Structure formats: structure tokens, C-alpha cells
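The next block is entry28.txt, given as compact mmCIF, C-alpha atoms.
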```
# COMPACT_ATOMS: atom_id res chain seq x y z
CA MET A 995 12.68 -15.03 -9.97
CA GLU A 996 11.21 -12.80 -12.68
CA ARG A 997 11.68 -9.05 -12.22
CA ILE A 998 9.52 -6.31 -13.69
CA GLY A 999 10.54 -2.89 -14.99
CA PHE A 1000 10.24 0.50 -13.34
CA TRP A 1001 7.04 1.65 -15.11
CA ALA A 1002 5.27 -1.62 -14.32
CA ARG A 1003 6.31 -1.28 -10.66
CA LEU A 1004 5.12 2.34 -10.61
CA TRP A 1005 1.76 1.27 -12.01
CA LEU A 1006 1.48 -1.48 -9.36
CA CYS A 1007 2.23 1.11 -6.64
CA PHE A 1008 -0.82 3.06 -7.77
CA ILE A 1009 -3.26 0.24 -8.40
CA LEU A 1010 -2.47 -2.55 -5.90
CA PRO A 1011 -3.36 -0.77 -2.63
CA TRP A 1012 -6.85 0.07 -3.87
CA ARG A 1013 -7.46 -3.34 -5.44
CA MET A 1014 -6.41 -5.03 -2.18
CA LEU A 1015 -8.69 -2.71 -0.20
CA PHE A 1016 -11.76 -3.98 -2.05
CA ASN A 1017 -10.64 -7.53 -2.97
CA GLY A 1018 -10.06 -9.80 0.04
CA ALA A 1019 -8.78 -12.72 -2.06
CA LEU A 1020 -6.11 -10.56 -3.71
CA ALA A 1021 -5.09 -9.12 -0.33
CA ALA A 1022 -4.70 -12.66 1.05
CA ARG A 1023 -2.42 -13.63 -1.88
CA VAL A 1024 -0.28 -10.51 -1.44
CA ALA A 1025 -0.05 -11.09 2.33
CA SER A 1026 0.98 -14.69 1.68
CA ALA A 1027 3.68 -13.55 -0.75
CA ALA A 1028 4.88 -10.94 1.76
CA ARG A 1029 5.22 -13.67 4.39
CA GLY A 1030 7.45 -15.58 1.97
CA ALA A 1031 5.09 -18.41 1.03
CA ALA A 1032 6.44 -20.15 -2.06
CA ARG A 1033 4.35 -20.31 -5.23
CA PRO A 1034 4.11 -23.60 -7.11
CA GLY A 1035 7.48 -24.33 -8.71
CA GLU A 1036 9.36 -21.93 -6.43
CA VAL A 1037 11.78 -22.98 -3.73
CA GLU A 1038 10.99 -21.36 -0.42
CA ASP A 1039 13.89 -19.69 1.41
CA PRO A 1040 14.42 -21.99 4.43
CA GLY A 1041 15.68 -19.09 6.54
CA ALA A 1042 12.49 -17.11 5.97
CA ARG A 1043 10.61 -19.38 8.36
CA ASP A 1044 12.85 -18.21 11.20
CA VAL A 1045 11.88 -14.56 10.76
CA PRO A 1046 9.21 -13.41 13.24
CA GLN A 1047 5.95 -12.82 11.39
CA GLN A 1048 3.77 -10.86 13.78
CA THR A 1049 1.33 -8.77 11.82
CA PRO A 1050 -1.35 -7.77 14.30
CA GLY A 1051 -4.85 -8.38 13.02
CA LEU A 1052 -3.80 -9.67 9.58
CA ASP A 1053 -5.42 -13.09 10.06
CA GLU A 1054 -8.64 -11.47 11.24
CA ILE A 1055 -8.68 -9.19 8.20
CA GLN A 1056 -8.10 -12.12 5.82
CA SER A 1057 -10.85 -14.25 7.35
CA GLN A 1058 -13.40 -11.43 7.37
CA PRO A 1059 -15.83 -11.58 4.43
CA SER A 1060 -15.71 -8.45 2.28
CA ASP A 1061 -19.46 -7.88 2.73
CA SER A 1062 -19.42 -8.47 6.49
CA GLY A 1063 -20.95 -5.07 7.22
CA ALA A 1064 -17.70 -3.66 8.61
CA ASP A 1065 -17.66 0.12 8.38
CA GLN A 1066 -15.70 1.04 5.27
CA THR A 1067 -16.63 4.71 5.38
CA ALA A 1068 -13.13 5.97 6.27
CA ALA A 1069 -11.55 4.05 3.38
CA LEU A 1070 -14.17 5.38 0.98
CA GLN A 1071 -13.71 8.92 2.31
CA LEU A 1072 -9.96 8.74 1.71
CA LEU A 1073 -10.50 7.37 -1.78
CA ALA A 1074 -12.95 10.21 -2.51
CA ILE A 1075 -10.38 12.77 -1.28
CA LEU A 1076 -7.69 11.30 -3.56
CA GLN A 1077 -10.13 11.42 -6.48
CA ARG A 1078 -11.19 14.99 -5.75
CA GLU A 1079 -7.66 16.35 -5.30
CA GLY A 1080 -5.68 14.19 -7.74
CA ARG A 1081 -8.18 12.37 -9.99
CA LEU A 1082 -6.64 9.10 -8.78
CA ILE A 1083 -9.59 6.90 -9.79
CA ASP A 1084 -9.74 8.47 -13.26
CA PHE A 1085 -6.03 7.68 -13.64
CA LEU A 1086 -6.35 4.09 -12.40
CA GLN A 1087 -9.46 3.31 -14.41
CA ASP A 1088 -7.99 4.64 -17.65
CA GLU A 1089 -6.52 2.12 -20.12
CA VAL A 1090 -2.89 3.29 -20.32
CA THR A 1091 -1.44 0.75 -22.76
CA ALA A 1092 -2.08 3.12 -25.69
CA TYR A 1093 -0.12 5.97 -24.07
CA SER A 1094 3.62 6.53 -24.24
CA ASP A 1095 5.80 6.44 -21.13
CA ALA A 1096 6.17 10.21 -21.40
CA GLU A 1097 2.39 10.71 -21.45
CA ILE A 1098 1.93 8.39 -18.46
CA GLY A 1099 4.72 10.18 -16.65
CA ALA A 1100 3.12 13.58 -17.27
CA ALA A 1101 -0.24 12.31 -16.01
CA ALA A 1102 1.38 10.66 -13.00
CA ARG A 1103 2.99 14.01 -12.06
CA VAL A 1104 -0.42 15.73 -11.92
CA VAL A 1105 -2.00 12.83 -10.01
CA HIS A 1106 0.95 12.71 -7.61
CA GLU A 1107 0.75 16.45 -6.89
CA GLY A 1108 -2.99 16.38 -6.17
CA CYS A 1109 -2.99 13.16 -4.15
CA LYS A 1110 -0.04 14.33 -2.06
CA ARG A 1111 -1.87 17.59 -1.28
CA GLY A 1112 -5.10 15.78 -0.39
CA LEU A 1113 -3.36 13.19 1.77
CA ALA A 1114 -1.31 15.79 3.66
CA GLU A 1115 -4.48 17.66 4.61
CA PHE A 1116 -6.05 14.72 6.45
CA VAL A 1117 -3.34 12.14 7.24
CA GLU A 1118 0.02 12.55 8.96
CA ILE A 1119 2.60 10.03 7.76
CA GLU A 1120 6.10 9.47 9.11
CA PRO A 1121 8.93 7.05 8.30
CA VAL A 1122 8.98 3.86 10.38
CA ARG A 1123 12.78 4.14 10.68
CA ALA A 1124 13.22 7.91 10.87
CA SER A 1125 16.56 7.86 12.70
CA GLU A 1126 18.48 6.07 9.91
CA SER A 1127 19.07 7.00 6.29
CA GLU A 1128 18.37 4.60 3.43
CA GLY A 1129 21.58 2.73 2.63
CA GLU A 1130 22.78 2.92 6.25
CA SER A 1131 23.95 -0.27 8.01
CA LEU A 1132 21.98 -1.44 11.03
CA THR A 1133 21.44 -4.47 13.27
CA LEU A 1134 18.05 -5.97 14.10
CA GLU A 1135 18.10 -7.46 17.58
CA PRO A 1136 15.95 -10.45 18.64
CA GLY A 1137 12.35 -9.42 19.27
CA PHE A 1138 12.25 -6.70 16.60
CA ASP A 1139 8.75 -5.78 15.44
CA ALA A 1140 8.13 -7.84 12.28
CA ALA A 1141 4.99 -5.80 11.55
CA LYS A 1142 7.17 -2.70 11.19
CA ILE A 1143 10.27 -4.27 9.65
CA ARG A 1144 10.37 -6.76 6.76
CA VAL A 1145 13.63 -8.67 6.44
CA THR A 1146 14.66 -9.51 2.86
CA GLY A 1147 17.69 -10.88 1.07
CA ASN A 1148 19.90 -13.67 2.38
CA VAL A 1149 17.93 -14.44 5.55
CA ALA A 1150 19.22 -17.40 7.53
CA GLY A 1151 19.03 -18.39 11.16
CA LYS A 1152 17.62 -16.23 13.92
CA PRO A 1153 18.24 -12.58 14.90
CA PRO A 1154 20.34 -10.56 15.37
CA TYR A 1155 20.47 -9.67 11.66
CA SER A 1156 22.95 -7.20 10.19
CA GLY A 1157 21.94 -5.47 7.00
CA THR A 1158 21.28 -2.25 5.15
CA LEU A 1159 18.15 -0.10 5.33
CA ALA A 1160 16.67 -0.45 1.83
CA HIS A 1161 13.49 1.53 2.61
CA HIS A 1162 12.57 3.47 5.74
CA GLY A 1163 8.88 2.40 5.62
CA TRP A 1164 5.83 4.55 6.32
CA GLN A 1165 3.38 4.69 9.21
CA VAL A 1166 0.29 6.79 9.91
CA THR A 1167 0.68 8.84 13.08
CA ARG A 1168 -2.60 10.74 12.88
CA ILE A 1169 -5.71 10.72 10.72
CA ARG A 1170 -8.50 13.29 10.88
CA LEU A 1171 -11.08 12.81 8.15
CA PRO A 1172 -13.89 15.36 7.75
CA GLU A 1173 -17.20 14.74 9.50
CA LEU A 1174 -19.83 13.39 7.15
CA VAL A 1175 -23.21 15.08 6.90
CA GLU A 1176 -26.22 12.94 7.69
CA GLY A 1177 -27.48 10.98 4.71
CA HIS A 1178 -24.16 11.18 2.84
CA ASP A 1179 -23.51 8.04 0.75
CA ALA A 1180 -19.76 7.35 1.10
CA ARG A 1181 -19.92 4.91 -1.83
CA ILE A 1182 -20.29 7.85 -4.22
CA LEU A 1183 -16.61 8.67 -4.63
CA ALA A 1184 -17.22 11.34 -7.25
CA PRO A 1185 -20.63 12.38 -8.53
CA ALA A 1186 -21.29 12.33 -12.25
CA GLU A 1187 -21.01 15.80 -13.76
CA VAL A 1188 -23.52 17.12 -16.26
CA GLU A 1189 -22.76 20.39 -18.03
CA ILE A 1190 -25.85 22.26 -19.10
CA SER A 1191 -25.48 24.14 -22.39
```
Any chance you could give the structure as C-alpha cells?
Amino acid sequence: MERIGFWARLWLCFILPWRMLFNGALAARVASAARGAARPGEVEDPGARDVPQQTPGLDEIQSQPSDSGADQTAALQLLAILQREGRLIDFLQDEVTAYSDAEIGAAARVVHEGCKRGLAEFVEIEPVRASESEGESLTLEPGFDAAKIRVTGNVAGKPPYSGTLAHHGWQVTRIRLPELVEGHDARILAPAEVEIS
């Protein structure tokens, strides 16, 4: 399977969550890949079918049309906060191919600092596996929560699985977005700025 470099993966970390948020078809493809569905020409791992795949609400999200009228205000609020504090949208919308890795890295540092500050103010995030350190050996017993734990590598048969914690995961434990004033249009993530001379 083809692997991509660090900077390309870093760029995907920034851009994919937001593209999936507003593009249901892309989200469905990513969810399918995360479940281990083989692409044309790929051989599917036969053991992957034995892994529990219980992602609550995922099928409902995939089947819901993007213009179904579902309230997207909270997602837009969070995006506006990340733009205000870290200029995330400016960074993602910029064409970075002309910049050097050093220039992208310097910009990413500023964006990271601002977005981290903005996120911490309104959302509490904790590791899914807080009691273990990355690299630590562990055993997944039958009935483990497949929505919280993704099994990768040489997966064969049924649990229990013995492996190493590659990433502790993240989960939101509390979110408290600011109250919106009446008449506020959440689709305006950042107003245009006009400087009067």
C-alpha cells in the first residue's frame, strides 16, 4: 500500500476534518476506508471482518442528505472560533505548494497556537485511553468498544487481541459554545474587513 510523507499527512490532518464536515460523499468514503473496505485492486484483510464495527449513528449520518435542514450551527460556531483565534480557514484555503516546508511549518506553528487556545476555551478533550502510555502493551477483551478503539495491523480471528497502543485517541468530555445573539448568521465564519483610509 502506498504511504505518504509527514508533511502531506500533516496537511491532511488540517484539511480532512473540515472537508468531511461539509462533504457527505467524502465522509462516506473515509468511513468506508476506516472500516477496512478494500478499494478496487486491493486485497481486503480477511481478519478485518471479524473486528466489531459498532460506530453509533455513523450509518444515519452517511444516509442523511447534507442539505437536510439539520442544525449545523455548533459546527459553524466552532469553525468560526478556530478562524478567529488561529486563522485556520485562511491557512487551509491558501495555496501552499509555492511555499517551502520551513514557511509552512512556521505558519502551522501560529495556526496551531491560536486554534489550541480557541479550542481549549470552549471544548474539553481527553484521551480515550488515558490510563496507558503510547507504546504500552495491552489486551483487548471480547466486547471492546469498536467506536472508541480501532484495531490495526495483523488482525486475525476474534478477540482477545494483544497489541501495542499506537495512539491514545481523543474524546470530547464537555462542550460549551457561546450563546448566539438573535439574528446572528452562523454561516458567516469571518466577516470581510474593510480598512478605511
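Put simply, atom CA of Gly1137 of chain A is 21.6 Å away from atom CA of Ser1026 of chain A.
Take atom CA of Glu1135 of chain A and atom CA of Pro1154 of chain A: the distance between them is 4.4 Å.
When only C-alpha atoms are used to measure the gap to Leu1132 of chain A, the shortest distance among A:Cys1109, A:Val1090, A:Ala1160, A:Val1188 belongs to A:Ala1160.
The space separating atom CA of Ile1083 of chain A from atom CA of Leu1183 of chain A comes to 8.9 Å.
Distances here use only C-alpha atoms; by that measure, the residue among A:Pro1136, A:Gly1112, A:Gly1099, A:Pro1185 closest to Ser1156 of chain A is A:Pro1136.
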